[in-house]
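> Contents of protein.txt (compact mmCIF, C-alpha atoms) are given next:
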```txt
# COMPACT_ATOMS: atom_id res chain seq x y z
CA MET A 1 0.00 0.00 0.00
CA ILE A 2 1.44 3.37 -1.01
CA GLU A 3 1.09 6.67 0.84
CA PRO A 4 -1.89 8.77 -0.22
CA ILE A 5 -1.06 11.21 -3.03
CA SER A 6 -2.73 14.59 -2.37
CA GLY A 7 -5.30 12.70 -0.36
CA VAL A 8 -5.93 10.04 -2.99
CA SER A 9 -5.31 6.38 -2.27
CA ILE A 10 -6.51 3.10 -3.66
CA PRO A 11 -9.76 2.16 -1.88
CA ASP A 12 -9.10 -0.17 1.03
CA SER A 13 -11.89 -2.67 0.46
CA LYS A 14 -12.22 -6.32 -0.40
CA ILE A 15 -13.67 -5.46 -3.80
CA ALA A 16 -10.75 -3.17 -4.62
CA ARG A 17 -8.23 -5.79 -3.46
CA ASP A 18 -9.95 -8.45 -5.56
CA ILE A 19 -9.91 -6.15 -8.59
CA THR A 20 -6.21 -5.47 -8.10
CA GLN A 21 -5.50 -9.20 -7.92
CA LEU A 22 -7.67 -10.07 -10.90
CA VAL A 23 -6.16 -7.41 -13.17
CA ARG A 24 -2.66 -8.16 -11.85
CA ASP A 25 -3.15 -11.76 -13.00
CA ILE A 26 -4.28 -10.97 -16.54
CA GLU A 27 -2.34 -7.83 -17.51
CA GLY A 28 1.39 -7.28 -17.91
CA ASP A 29 3.21 -4.56 -15.95
CA LEU A 30 2.71 -2.00 -18.69
CA LEU A 31 -1.10 -2.12 -18.74
CA PHE A 32 -1.43 -2.77 -15.02
CA ASN A 33 0.66 0.24 -14.00
CA HIS A 34 -1.02 2.36 -16.68
CA SER A 35 -4.43 1.43 -15.26
CA VAL A 36 -3.49 2.31 -11.69
CA ARG A 37 -2.10 5.63 -12.91
CA VAL A 38 -5.37 6.28 -14.76
CA TYR A 39 -7.14 5.82 -11.42
CA PHE A 40 -4.83 8.31 -9.71
CA TRP A 41 -5.05 10.92 -12.48
CA GLY A 42 -8.82 10.51 -12.52
CA ALA A 43 -9.22 10.71 -8.75
CA LEU A 44 -6.83 13.68 -8.48
CA THR A 45 -8.80 15.44 -11.22
CA GLY A 46 -12.04 14.68 -9.44
CA ARG A 47 -10.75 16.18 -6.20
CA ARG A 48 -9.36 19.23 -7.95
CA LYS A 49 -12.72 19.83 -9.62
CA GLU A 50 -14.57 19.00 -6.38
CA LEU A 51 -16.65 16.32 -8.08
CA ARG A 52 -18.57 13.80 -6.06
CA PHE A 53 -17.49 10.38 -7.18
CA ASP A 54 -17.31 6.87 -5.78
CA ALA A 55 -13.62 5.97 -5.53
CA GLU A 56 -14.33 2.25 -5.64
CA LEU A 57 -16.34 2.52 -8.86
CA LEU A 58 -13.67 4.76 -10.36
CA TYR A 59 -11.02 2.24 -9.36
CA ALA A 60 -13.01 -0.63 -10.89
CA ALA A 61 -13.47 1.22 -14.18
CA ALA A 62 -9.86 2.42 -14.36
CA MET A 63 -8.49 -1.05 -13.64
CA PHE A 64 -10.73 -2.79 -16.19
CA HIS A 65 -10.47 -0.14 -18.88
CA ASP A 66 -7.81 -1.95 -20.94
CA VAL A 67 -8.56 -5.55 -19.95
CA GLY A 68 -10.14 -6.05 -23.39
CA LEU A 69 -6.67 -5.78 -24.93
CA THR A 70 -5.43 -8.91 -23.18
CA GLU A 71 -5.06 -12.40 -24.63
CA ARG A 72 -8.27 -13.44 -22.93
CA PHE A 73 -10.09 -11.65 -25.77
CA ALA A 74 -7.98 -12.95 -28.65
CA ASP A 75 -11.11 -14.38 -30.30
CA SER A 76 -13.44 -11.47 -29.65
CA ARG A 77 -14.95 -9.51 -32.49
CA LEU A 78 -16.31 -6.80 -30.23
CA ARG A 79 -14.57 -3.50 -29.60
CA PHE A 80 -11.90 -4.07 -26.95
CA GLU A 81 -13.57 -1.37 -24.85
CA VAL A 82 -16.80 -3.41 -24.78
CA ASP A 83 -14.90 -6.55 -23.78
CA GLY A 84 -13.39 -4.67 -20.86
CA ALA A 85 -16.77 -3.19 -19.94
CA ASN A 86 -18.40 -6.64 -19.99
CA ALA A 87 -15.57 -8.10 -17.89
CA ALA A 88 -16.03 -5.35 -15.30
CA ARG A 89 -19.78 -5.92 -15.27
CA ASP A 90 -19.39 -9.68 -14.84
CA PHE A 91 -17.01 -9.13 -11.93
CA LEU A 92 -19.16 -6.50 -10.19
CA ARG A 93 -22.40 -8.46 -10.49
CA GLY A 94 -21.10 -10.94 -7.99
CA GLN A 95 -20.21 -8.21 -5.49
CA GLY A 96 -23.51 -6.74 -4.39
CA ILE A 97 -23.10 -3.56 -6.46
CA SER A 98 -26.30 -1.96 -7.77
CA GLU A 99 -27.18 -2.29 -11.46
CA SER A 100 -27.08 1.47 -11.83
CA ASP A 101 -23.50 1.62 -10.50
CA ILE A 102 -22.51 -1.31 -12.70
CA GLU A 103 -23.91 0.57 -15.68
CA THR A 104 -21.77 3.57 -14.74
CA VAL A 105 -18.65 1.39 -14.70
CA TRP A 106 -19.68 -0.28 -17.97
CA ASN A 107 -20.10 3.11 -19.66
CA ALA A 108 -16.82 4.41 -18.22
CA VAL A 109 -14.88 1.50 -19.71
CA ALA A 110 -16.83 1.30 -22.98
CA LEU A 111 -16.54 5.04 -23.71
CA HIS A 112 -12.98 5.70 -22.58
CA THR A 113 -11.73 6.16 -26.15
CA THR A 114 -14.77 8.07 -27.43
CA PRO A 115 -13.94 11.77 -27.60
CA GLY A 116 -16.20 14.58 -26.47
CA ILE A 117 -19.00 12.60 -24.79
CA ALA A 118 -17.78 11.13 -21.50
CA GLU A 119 -17.08 14.54 -19.95
CA PHE A 120 -20.83 15.21 -19.89
CA MET A 121 -21.67 11.95 -18.16
CA ARG A 122 -21.35 10.82 -14.51
CA PRO A 123 -18.11 11.79 -12.78
CA GLU A 124 -16.69 8.26 -12.76
CA ILE A 125 -17.20 8.08 -16.55
CA ALA A 126 -15.69 11.51 -17.14
CA LEU A 127 -12.75 10.81 -14.83
CA VAL A 128 -11.68 7.52 -16.40
CA GLN A 129 -11.45 9.27 -19.73
CA ALA A 130 -9.66 12.25 -18.22
CA GLY A 131 -7.21 9.91 -16.47
CA ALA A 132 -6.56 7.89 -19.62
CA GLY A 133 -6.06 11.09 -21.64
CA MET A 134 -3.54 12.34 -19.11
CA ASP A 135 -1.60 9.09 -18.99
CA VAL A 136 -1.60 8.35 -22.71
CA SER A 137 -1.26 11.74 -24.33
CA GLY A 138 -0.56 14.17 -21.48
CA ARG A 139 -3.98 15.83 -21.70
CA GLY A 140 -4.27 18.15 -18.69
CA TYR A 141 -0.61 17.59 -17.78
CA ASP A 142 -0.15 21.11 -16.41
CA GLU A 143 -3.17 20.85 -14.16
CA PHE A 144 -1.28 18.41 -11.94
CA THR A 145 1.48 19.55 -9.65
CA ASP A 146 5.03 18.34 -10.14
CA ALA A 147 4.73 16.57 -6.80
CA GLN A 148 1.59 14.72 -7.88
CA ARG A 149 3.12 13.60 -11.15
CA GLU A 150 6.35 12.50 -9.49
CA ALA A 151 4.59 10.57 -6.73
CA VAL A 152 2.31 8.68 -9.12
CA ILE A 153 5.15 7.83 -11.51
CA ALA A 154 7.43 6.75 -8.67
CA ALA A 155 4.80 4.35 -7.34
CA PHE A 156 3.63 3.07 -10.75
CA PRO A 157 6.47 3.71 -13.22
CA ARG A 158 5.87 4.39 -16.89
CA GLY A 159 9.06 2.52 -17.73
CA ALA A 160 11.17 3.18 -20.80
CA CYS A 161 9.33 3.80 -24.07
CA PHE A 162 5.86 3.61 -22.55
CA GLU A 163 4.33 5.13 -25.68
CA HIS A 164 5.72 2.44 -27.96
CA GLY A 165 4.84 -0.26 -25.46
CA LEU A 166 1.25 0.94 -25.36
CA ILE A 167 1.03 1.19 -29.15
CA ASP A 168 2.24 -2.44 -29.25
CA ALA A 169 -0.37 -3.45 -26.68
CA PHE A 170 -3.11 -1.77 -28.71
CA TYR A 171 -1.91 -3.46 -31.87
CA GLN A 172 -1.69 -6.89 -30.21
CA GLY A 173 -5.18 -6.46 -28.79
CA MET A 174 -6.82 -5.32 -32.03
CA GLN A 175 -4.97 -6.76 -34.99
CA HIS A 176 -7.38 -9.71 -35.17
CA ARG A 177 -10.41 -7.37 -35.28
CA PRO A 178 -9.45 -4.39 -37.44
CA ASP A 179 -13.10 -3.75 -38.37
CA THR A 180 -13.81 -2.75 -34.78
CA THR A 181 -11.53 0.26 -35.14
CA PHE A 182 -13.63 1.89 -37.87
CA GLY A 183 -14.80 5.37 -36.95
CA THR A 184 -12.52 5.54 -33.88
CA PHE A 185 -8.91 6.62 -33.44
CA ASN A 186 -7.91 3.02 -32.73
CA ASP A 187 -7.25 2.56 -36.42
CA ASP A 188 -4.23 4.84 -36.01
CA PHE A 189 -2.53 2.08 -34.02
CA LEU A 190 -3.12 -0.46 -36.76
CA ALA A 191 -1.94 1.98 -39.44
CA PHE A 192 1.20 2.73 -37.40
CA LYS A 193 2.15 -0.93 -36.99
CA ASP A 194 0.93 -2.42 -40.25
CA PRO A 195 1.85 -0.68 -43.52
CA ASN A 196 -0.77 -2.75 -45.36
CA PHE A 197 -3.64 -1.64 -43.14
CA ARG A 198 -6.13 0.55 -44.99
CA ARG A 199 -8.35 2.86 -43.00
CA ALA A 200 -11.99 2.71 -44.01
CA ASP A 201 -13.33 6.12 -45.06
CA ILE A 202 -16.84 7.02 -43.99
CA CYS A 203 -17.42 9.25 -47.03
CA GLY A 204 -16.56 6.41 -49.37
CA ILE A 205 -18.93 4.14 -47.49
CA ILE A 206 -21.81 6.62 -47.65
CA LEU A 207 -21.18 7.27 -51.33
CA ALA A 208 -21.06 3.54 -52.10
CA SER A 209 -24.18 2.72 -50.12
CA ARG A 210 -26.72 0.13 -51.07
CA TRP A 211 -29.20 2.93 -51.64
CA ARG A 212 -27.23 3.99 -54.68
CA THR A 213 -26.56 0.56 -56.12
CA GLU A 214 -30.09 -0.80 -55.68
CA PRO A 215 -32.93 0.74 -57.64
CA MET A 216 -34.98 2.74 -55.19
CA PRO A 217 -38.55 1.52 -55.16
CA GLY A 218 -39.84 5.08 -55.27
CA SER A 219 -37.82 5.86 -58.36
CA LEU A 220 -38.77 2.82 -60.43
CA PRO A 221 -40.27 3.72 -63.76
CA GLY A 222 -44.04 3.55 -63.88
CA MET M 1 -45.76 14.97 -40.20
CA ILE M 2 -46.18 14.19 -43.85
CA VAL M 3 -47.21 10.69 -42.91
CA ASP M 4 -48.47 9.12 -39.68
CA GLU M 5 -48.05 5.46 -40.44
CA ILE M 6 -45.90 3.34 -42.73
CA ALA M 7 -46.22 -0.44 -43.12
CA GLY M 8 -47.92 -0.80 -39.77
CA ILE M 9 -45.52 1.46 -37.85
CA ARG M 10 -47.18 4.56 -36.46
CA ILE M 11 -45.75 7.81 -35.24
CA PRO M 12 -47.09 8.13 -31.68
CA ASP M 13 -50.33 10.10 -31.61
CA SER M 14 -49.50 12.32 -28.65
CA LYS M 15 -48.98 15.97 -27.86
CA LEU M 16 -45.29 15.33 -27.19
CA ALA M 17 -44.74 13.61 -30.53
CA ARG M 18 -46.62 16.35 -32.39
CA GLU M 19 -44.45 18.97 -30.72
CA VAL M 20 -41.32 17.02 -31.64
CA THR M 21 -42.46 16.94 -35.24
CA GLN M 22 -43.27 20.64 -35.28
CA PHE M 23 -40.02 21.66 -33.60
CA VAL M 24 -37.78 19.58 -35.84
CA ARG M 25 -39.81 20.56 -38.92
CA ASP M 26 -39.22 24.23 -38.08
CA THR M 27 -35.52 23.77 -37.31
CA GLU M 28 -34.14 21.33 -39.86
CA SER M 29 -33.87 21.28 -43.62
CA ASP M 30 -36.19 18.99 -45.51
CA LEU M 31 -33.23 16.67 -46.11
CA LEU M 32 -32.48 16.13 -42.40
CA PHE M 33 -36.13 16.14 -41.35
CA ARG M 34 -37.03 13.36 -43.75
CA HIS M 35 -33.84 11.44 -42.98
CA SER M 36 -34.74 11.59 -39.29
CA ALA M 37 -38.29 10.41 -39.93
CA ARG M 38 -36.97 7.47 -41.97
CA VAL M 39 -34.56 6.67 -39.12
CA TYR M 40 -37.60 6.42 -36.86
CA PHE M 41 -39.38 4.01 -39.20
CA TRP M 42 -36.31 1.83 -39.84
CA GLY M 43 -35.53 1.69 -36.14
CA ALA M 44 -39.10 0.94 -35.09
CA MET M 45 -39.35 -1.77 -37.77
CA ALA M 46 -36.09 -3.34 -36.58
CA GLY M 47 -37.33 -3.22 -33.01
CA GLN M 48 -40.61 -4.88 -33.97
CA ARG M 49 -38.77 -7.56 -35.94
CA ARG M 50 -36.70 -8.42 -32.89
CA GLY M 51 -39.58 -8.23 -30.48
CA LEU M 52 -38.00 -5.42 -28.45
CA THR M 53 -40.05 -3.50 -25.94
CA LEU M 54 -39.71 0.12 -26.88
CA ASP M 55 -41.31 3.38 -25.79
CA LEU M 56 -42.07 4.75 -29.24
CA GLU M 57 -42.49 8.30 -28.00
CA LEU M 58 -38.97 8.35 -26.58
CA PHE M 59 -37.58 6.59 -29.62
CA TYR M 60 -39.32 9.08 -31.91
CA THR M 61 -37.72 11.93 -29.96
CA ALA M 62 -34.25 10.34 -30.28
CA ALA M 63 -34.64 9.70 -34.00
CA MET M 64 -36.01 13.15 -34.77
CA PHE M 65 -33.41 15.05 -32.70
CA HIS M 66 -30.40 12.96 -33.68
CA ASP M 67 -29.07 15.43 -36.27
CA LEU M 68 -30.40 18.61 -34.72
CA GLY M 69 -26.88 19.66 -33.72
CA LEU M 70 -26.08 20.17 -37.41
CA THR M 71 -28.56 23.03 -37.73
CA ALA M 72 -27.87 26.76 -37.88
CA GLY M 73 -28.59 27.33 -34.19
CA PHE M 74 -25.36 25.53 -33.29
CA ARG M 75 -22.96 27.42 -35.54
CA ASP M 76 -21.21 28.85 -32.49
CA SER M 77 -21.00 25.57 -30.62
CA HIS M 78 -17.70 23.86 -30.02
CA LEU M 79 -19.23 20.72 -28.64
CA ARG M 80 -19.66 17.64 -30.78
CA PHE M 81 -22.79 18.09 -32.88
CA GLU M 82 -24.09 14.83 -31.40
CA VAL M 83 -23.92 16.36 -27.91
CA ASP M 84 -25.74 19.51 -29.08
CA GLY M 85 -28.57 17.37 -30.42
CA ALA M 86 -28.60 15.26 -27.24
CA ASN M 87 -28.77 18.38 -25.07
CA ALA M 88 -31.58 19.84 -27.19
CA ALA M 89 -33.59 16.63 -26.80
CA ARG M 90 -32.88 16.59 -23.06
CA ASP M 91 -34.08 20.17 -22.62
CA PHE M 92 -37.19 19.40 -24.65
CA LEU M 93 -38.05 16.22 -22.71
CA ARG M 94 -37.42 17.86 -19.33
CA ARG M 95 -39.86 20.63 -20.24
CA HIS M 96 -42.40 17.89 -20.84
CA GLY M 97 -41.80 16.34 -17.44
CA ILE M 98 -40.28 13.09 -18.74
CA PRO M 99 -38.49 11.12 -15.97
CA GLU M 100 -34.73 11.69 -15.80
CA VAL M 101 -33.89 8.04 -16.44
CA ASP M 102 -35.72 8.22 -19.78
CA VAL M 103 -34.19 11.59 -20.60
CA GLU M 104 -30.75 10.07 -20.04
CA ARG M 105 -31.51 7.20 -22.40
CA VAL M 106 -32.50 9.56 -25.19
CA TRP M 107 -29.46 11.75 -24.49
CA LEU M 108 -27.10 8.78 -24.78
CA ALA M 109 -28.81 7.44 -27.90
CA ILE M 110 -28.25 10.74 -29.71
CA ALA M 111 -24.80 11.42 -28.26
CA LEU M 112 -23.53 8.01 -29.42
CA HIS M 113 -25.29 7.75 -32.77
CA THR M 114 -22.01 8.12 -34.71
CA THR M 115 -19.95 5.96 -32.33
CA PRO M 116 -19.59 2.45 -33.75
CA GLY M 117 -19.90 -0.75 -31.78
CA ILE M 118 -21.22 0.57 -28.46
CA SER M 119 -24.92 1.44 -28.80
CA ARG M 120 -26.03 -2.05 -29.66
CA HIS M 121 -25.02 -3.08 -26.14
CA LEU M 122 -27.10 -0.30 -24.58
CA HIS M 123 -30.83 0.33 -24.19
CA PRO M 124 -32.96 -0.40 -27.32
CA ILE M 125 -33.48 3.35 -27.85
CA ALA M 126 -29.74 3.73 -28.44
CA ALA M 127 -29.35 0.49 -30.35
CA LEU M 128 -32.22 1.24 -32.72
CA THR M 129 -31.20 4.86 -33.31
CA VAL M 130 -27.83 3.72 -34.66
CA GLU M 131 -29.46 0.90 -36.57
CA GLY M 132 -31.92 3.28 -38.21
CA VAL M 133 -29.19 5.79 -39.01
CA MET M 134 -26.94 3.16 -40.57
CA MET M 135 -29.78 1.69 -42.61
CA ASP M 136 -30.75 5.10 -43.92
CA LEU M 137 -27.22 6.35 -44.60
CA VAL M 138 -25.41 3.32 -45.94
CA GLY M 139 -27.99 0.57 -46.24
CA LEU M 140 -26.59 -1.48 -43.37
CA GLY M 141 -29.12 -4.22 -42.61
CA TYR M 142 -30.89 -3.55 -45.93
CA ASP M 143 -31.75 -7.21 -46.47
CA GLU M 144 -33.32 -7.57 -43.05
CA PHE M 145 -36.16 -5.32 -44.13
CA THR M 146 -38.81 -6.69 -46.46
CA ASP M 147 -39.27 -5.27 -49.94
CA ALA M 148 -42.68 -4.10 -48.79
CA GLN M 149 -41.20 -2.19 -45.84
CA ARG M 150 -38.53 -0.53 -47.96
CA SER M 151 -40.97 0.34 -50.71
CA ALA M 152 -43.45 1.83 -48.27
CA VAL M 153 -40.84 4.01 -46.56
CA GLU M 154 -39.38 5.11 -49.88
CA ALA M 155 -42.80 5.91 -51.28
CA ALA M 156 -43.72 8.07 -48.29
CA LEU M 157 -40.33 9.62 -47.56
CA PRO M 158 -38.08 9.02 -50.56
CA HIS M 159 -34.31 9.39 -50.43
CA PRO M 160 -33.62 12.33 -52.76
CA PRO M 161 -31.49 11.51 -55.83
CA GLN M 162 -28.30 13.12 -54.47
CA PHE M 163 -28.86 11.94 -50.91
CA ALA M 164 -25.28 10.85 -50.15
CA GLU M 165 -23.74 14.08 -51.44
CA ASP M 166 -26.41 16.15 -49.70
CA VAL M 167 -25.83 14.41 -46.36
CA LEU M 168 -22.08 14.85 -46.60
CA ARG M 169 -22.62 18.56 -47.31
CA ALA M 170 -25.03 18.91 -44.37
CA LEU M 171 -22.47 17.24 -42.11
CA TYR M 172 -19.70 19.49 -43.35
CA ASP M 173 -21.84 22.62 -42.96
CA GLY M 174 -22.57 21.67 -39.38
CA LEU M 175 -18.97 20.77 -38.56
CA LYS M 176 -16.72 23.17 -40.45
CA HIS M 177 -16.57 25.74 -37.63
CA ARG M 178 -15.56 23.01 -35.13
CA PRO M 179 -13.26 20.60 -36.99
CA GLU M 180 -11.47 19.76 -33.73
CA THR M 181 -14.62 17.99 -32.48
CA THR M 182 -14.31 15.42 -35.27
CA GLN M 183 -10.81 14.26 -34.34
CA GLY M 184 -10.76 10.61 -33.40
CA THR M 185 -14.28 10.05 -34.77
CA GLY M 186 -15.66 8.93 -38.14
CA LEU M 187 -16.61 12.51 -38.90
CA ALA M 188 -12.94 13.44 -39.38
CA ASP M 189 -13.29 11.74 -42.77
CA VAL M 190 -15.99 14.24 -43.74
CA MET M 191 -13.71 17.14 -42.83
CA ALA M 192 -10.77 15.59 -44.70
CA ASP M 193 -12.97 15.02 -47.76
CA ARG M 194 -14.18 18.63 -47.96
CA ASP M 195 -11.46 20.79 -46.45
CA PRO M 196 -7.96 20.53 -47.97
CA HIS M 197 -6.51 22.30 -44.92
CA PHE M 198 -7.95 19.82 -42.45
CA HIS M 199 -5.30 17.65 -40.89
CA ARG M 200 -6.46 14.35 -39.40
CA ARG M 201 -4.89 13.92 -36.02
CA ASP M 202 -2.88 10.74 -35.71
CA PHE M 203 -3.16 9.31 -32.22
CA CYS M 204 0.25 7.63 -32.33
CA SER M 205 2.02 10.87 -33.09
CA LEU M 206 -0.10 12.63 -30.47
CA MET M 207 1.24 10.13 -27.92
CA ARG M 208 4.80 10.31 -29.13
CA LYS M 209 4.83 14.11 -28.99
CA SER M 210 2.95 14.43 -25.71
CA ARG M 211 4.16 16.26 -22.63
CA TRP M 212 5.23 12.89 -21.25
CA ALA M 213 7.49 12.17 -24.18
CA ARG M 214 8.94 15.69 -24.05
CA SER M 215 9.46 15.58 -20.31
CA SER M 216 11.32 12.28 -20.49
CA HIS M 217 13.65 13.77 -23.12
CA ASP M 218 14.33 16.66 -20.76
CA ASP M 219 15.57 14.32 -18.03
```
Represent the structure of the file as structure tokens.


Amino acid sequence: MIEPISGVSIPDSKIARDITQLVRDIEGDLLFNHSVRVYFWGALTGRRKELRFDAELLYAAAMFHDVGLTERFADSRLRFEVDGANAARDFLRGQGISESDIETVWNAVALHTTPGIAEFMRPEIALVQAGAGMDVSGRGYDEFTDAQREAVIAAFPRGACFEHGLIDAFYQGMQHRPDTTFGTFNDDFLAFKDPNFRRADICGIILASRWRTEPMPGSLPG
Amino acid sequence: MIVDEIAGIRIPDSKLAREVTQFVRDTESDLLFRHSARVYFWGAMAGQRRGLTLDLELFYTAAMFHDLGLTAGFRDSHLRFEVDGANAARDFLRRHGIPEVDVERVWLAIALHTTPGISRHLHPIAALTVEGVMMDLVGLGYDEFTDAQRSAVEAALPHPPQFAEDVLRALYDGLKHRPETTQGTGLADVMADRDPHFHRRDFCSLMRKSRWARSSHDD
């Protein structure tokens, strides 16, 4: 157990300990430490903004947010975010958590890569995305103090070349389901790693739609 | 509405639904208004086919408001257009005393209608909004509708001849003052298609040039 960082610590509950153990067992150091950092960035942001949030739900969502990238989902054809959301839901259903809270965690995990929506939803949902944005691309970097950043990194190190390690993890977790990256920024990871990957273009899809290739009933002669 | 019923699917006969129709009719172009009405019919038909329990009044509101954020009233907004439409529907439903849990469902359905692969796991209002949108825009699920259903919808609310081009223009017109809101979404393709100065953000380079990467070089 680490010292609280600006008043934030990992919840001291059986559920939180079980989550730590479960995620520890299925994720490598890179994703595990990333996930704990996402919790800290999210919780620190929540305190700074004086949001009311449930630290245990935030911890659950942060810890499960990238579980869908692991080998456990090597056969899945769902978005990795949905796999993680479902895994969190399955875990929490056995723990006496209300369906409404489970739905909050599900949404937090499922929407953590969807831009511009989560910030208008419940605090736990907004904070997982804020935490992930901070850890992955430094979004909001300057809103944390040097001491906060140093304490979190010291306890849960980024390691050398975190960015490339994470890009590799994304690629490993999604290369078998490239279609699920359409219309998201996840296709950037596939394009970065695989020179043969072709991004689908939504304009091309709309312009090639079935409505244009099939005769429209209303426009049939006679 | 131009039509109250198509192939056995009715637009709810209620004060709320009539006000939705009137409001969207007054706010949107004919193109978006008719697209939204077709989205309602496709979605309601898909829901009926799958035996889903659906509050048609709420679903009608979601379908009709889903593109409202593209209209002229939001030309100063720097939110995602989906969020503008979701907020407009929320304000409208709250004024009508709809319970907050239902308001939230409609909000999420509209907010996520361009986000792939999530809505189908949510409430039927969200799932069917995306399904209706995708059927109407790109013909996804085309074969799951009967010829009779498609013919009836097309007869009552036909796709105009240049529908695809017109939709892409309507999207661009609603997005061009806020290109940053399309980054990391499918709508970035619309910006890239129409605006030669638009630069799609690449998430990998965003990560590799982030404050973290810079700060580790400083060490």

> Would you work out the distance separating CA of Arg149 in chain A from CA of Arg214 in chain M, expressed in Å to one decimal?

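Taking CA of Arg149 in chain A as the start and CA of Arg214 in chain M as the end point, the length is 14.3 Å.
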
> Fewer than 5 positions away in the same chain doesn't count, so skip those; otherwise give me all residues within 12 Å of Thr61 in chain M, counting all atoms listed in the file, as JSON, numbers by chain.

{"M": [11, 12, 14, 16, 17, 18, 19, 20, 21, 22, 23, 24, 36, 37, 39, 40, 55, 56, 66, 67, 68, 85, 86, 88, 89, 90, 91, 92, 93, 96, 98, 102, 103, 105, 106, 107, 109, 110, 125, 126, 129]}

> Residues of chain M within 8 Å of chain A: nearest atom pair and distance (Å, one decimal) for each, counting only C-alpha atoms, sorted by chain and number, as JSON lines?


```
{"residue": "M:Leu79", "atom": "CA", "partner": "A:Gly116", "partner_atom": "CA", "distance": 7.2}
{"residue": "M:Arg80", "atom": "CA", "partner": "A:Gly116", "partner_atom": "CA", "distance": 6.3}
{"residue": "M:Val83", "atom": "CA", "partner": "A:Ile117", "partner_atom": "CA", "distance": 6.9}
{"residue": "M:Ala111", "atom": "CA", "partner": "A:Ile117", "partner_atom": "CA", "distance": 6.9}
{"residue": "M:Leu112", "atom": "CA", "partner": "A:Ile117", "partner_atom": "CA", "distance": 7.9}
{"residue": "M:Thr115", "atom": "CA", "partner": "A:Gly183", "partner_atom": "CA", "distance": 6.9}
{"residue": "M:Pro116", "atom": "CA", "partner": "A:Gly183", "partner_atom": "CA", "distance": 6.5}
{"residue": "M:Gly117", "atom": "CA", "partner": "A:Arg79", "partner_atom": "CA", "distance": 6.4}
{"residue": "M:Ile118", "atom": "CA", "partner": "A:Val82", "partner_atom": "CA", "distance": 7.0}
{"residue": "M:Leu137", "atom": "CA", "partner": "A:Ile206", "partner_atom": "CA", "distance": 6.2}
{"residue": "M:Val138", "atom": "CA", "partner": "A:Ser209", "partner_atom": "CA", "distance": 4.4}
{"residue": "M:Gly139", "atom": "CA", "partner": "A:Arg210", "partner_atom": "CA", "distance": 5.0}
{"residue": "M:Leu140", "atom": "CA", "partner": "A:Arg210", "partner_atom": "CA", "distance": 7.9}
{"residue": "M:Tyr142", "atom": "CA", "partner": "A:Arg210", "partner_atom": "CA", "distance": 7.6}
{"residue": "M:Arg150", "atom": "CA", "partner": "A:Pro217", "partner_atom": "CA", "distance": 7.5}
{"residue": "M:Ser151", "atom": "CA", "partner": "A:Pro217", "partner_atom": "CA", "distance": 5.2}
{"residue": "M:Glu154", "atom": "CA", "partner": "A:Gly218", "partner_atom": "CA", "distance": 5.4}
{"residue": "M:Ala155", "atom": "CA", "partner": "A:Gly218", "partner_atom": "CA", "distance": 5.0}
{"residue": "M:Pro158", "atom": "CA", "partner": "A:Gly218", "partner_atom": "CA", "distance": 6.4}
{"residue": "M:Ala164", "atom": "CA", "partner": "A:Leu207", "partner_atom": "CA", "distance": 5.6}
{"residue": "M:Glu165", "atom": "CA", "partner": "A:Leu207", "partner_atom": "CA", "distance": 7.3}
{"residue": "M:Leu168", "atom": "CA", "partner": "A:Cys203", "partner_atom": "CA", "distance": 7.3}
{"residue": "M:Thr181", "atom": "CA", "partner": "A:Gly116", "partner_atom": "CA", "distance": 7.1}
{"residue": "M:Gln183", "atom": "CA", "partner": "A:Pro115", "partner_atom": "CA", "distance": 7.8}
{"residue": "M:Gly184", "atom": "CA", "partner": "A:Phe185", "partner_atom": "CA", "distance": 4.4}
{"residue": "M:Thr185", "atom": "CA", "partner": "A:Thr184", "partner_atom": "CA", "distance": 4.9}
{"residue": "M:Gly186", "atom": "CA", "partner": "A:Gly183", "partner_atom": "CA", "distance": 3.9}
{"residue": "M:Leu187", "atom": "CA", "partner": "A:Ile202", "partner_atom": "CA", "distance": 7.5}
{"residue": "M:Asp189", "atom": "CA", "partner": "A:Ile202", "partner_atom": "CA", "distance": 6.0}
{"residue": "M:Val190", "atom": "CA", "partner": "A:Cys203", "partner_atom": "CA", "distance": 6.1}
{"residue": "M:Asp193", "atom": "CA", "partner": "A:Cys203", "partner_atom": "CA", "distance": 7.3}
{"residue": "M:Asp202", "atom": "CA", "partner": "A:Asp188", "partner_atom": "CA", "distance": 6.1}
{"residue": "M:Phe203", "atom": "CA", "partner": "A:Asp188", "partner_atom": "CA", "distance": 6.0}
{"residue": "M:Cys204", "atom": "CA", "partner": "A:Phe189", "partner_atom": "CA", "distance": 6.4}
{"residue": "M:Leu206", "atom": "CA", "partner": "A:Ser137", "partner_atom": "CA", "distance": 6.3}
{"residue": "M:Met207", "atom": "CA", "partner": "A:Ser137", "partner_atom": "CA", "distance": 4.7}
{"residue": "M:Arg208", "atom": "CA", "partner": "A:Glu163", "partner_atom": "CA", "distance": 6.2}
{"residue": "M:Ser210", "atom": "CA", "partner": "A:Ser137", "partner_atom": "CA", "distance": 5.2}
{"residue": "M:Arg211", "atom": "CA", "partner": "A:Gly138", "partner_atom": "CA", "distance": 5.3}
{"residue": "M:Trp212", "atom": "CA", "partner": "A:Gly138", "partner_atom": "CA", "distance": 5.9}
{"residue": "M:Ala213", "atom": "CA", "partner": "A:Glu163", "partner_atom": "CA", "distance": 7.9}
```

> Tell me, in Å to one decimal, how far CA of Asp147 in chain M is from CA of Arg49 in chain M.

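CA of Asp147 in chain M sits 14.2 Å away from CA of Arg49 in chain M.
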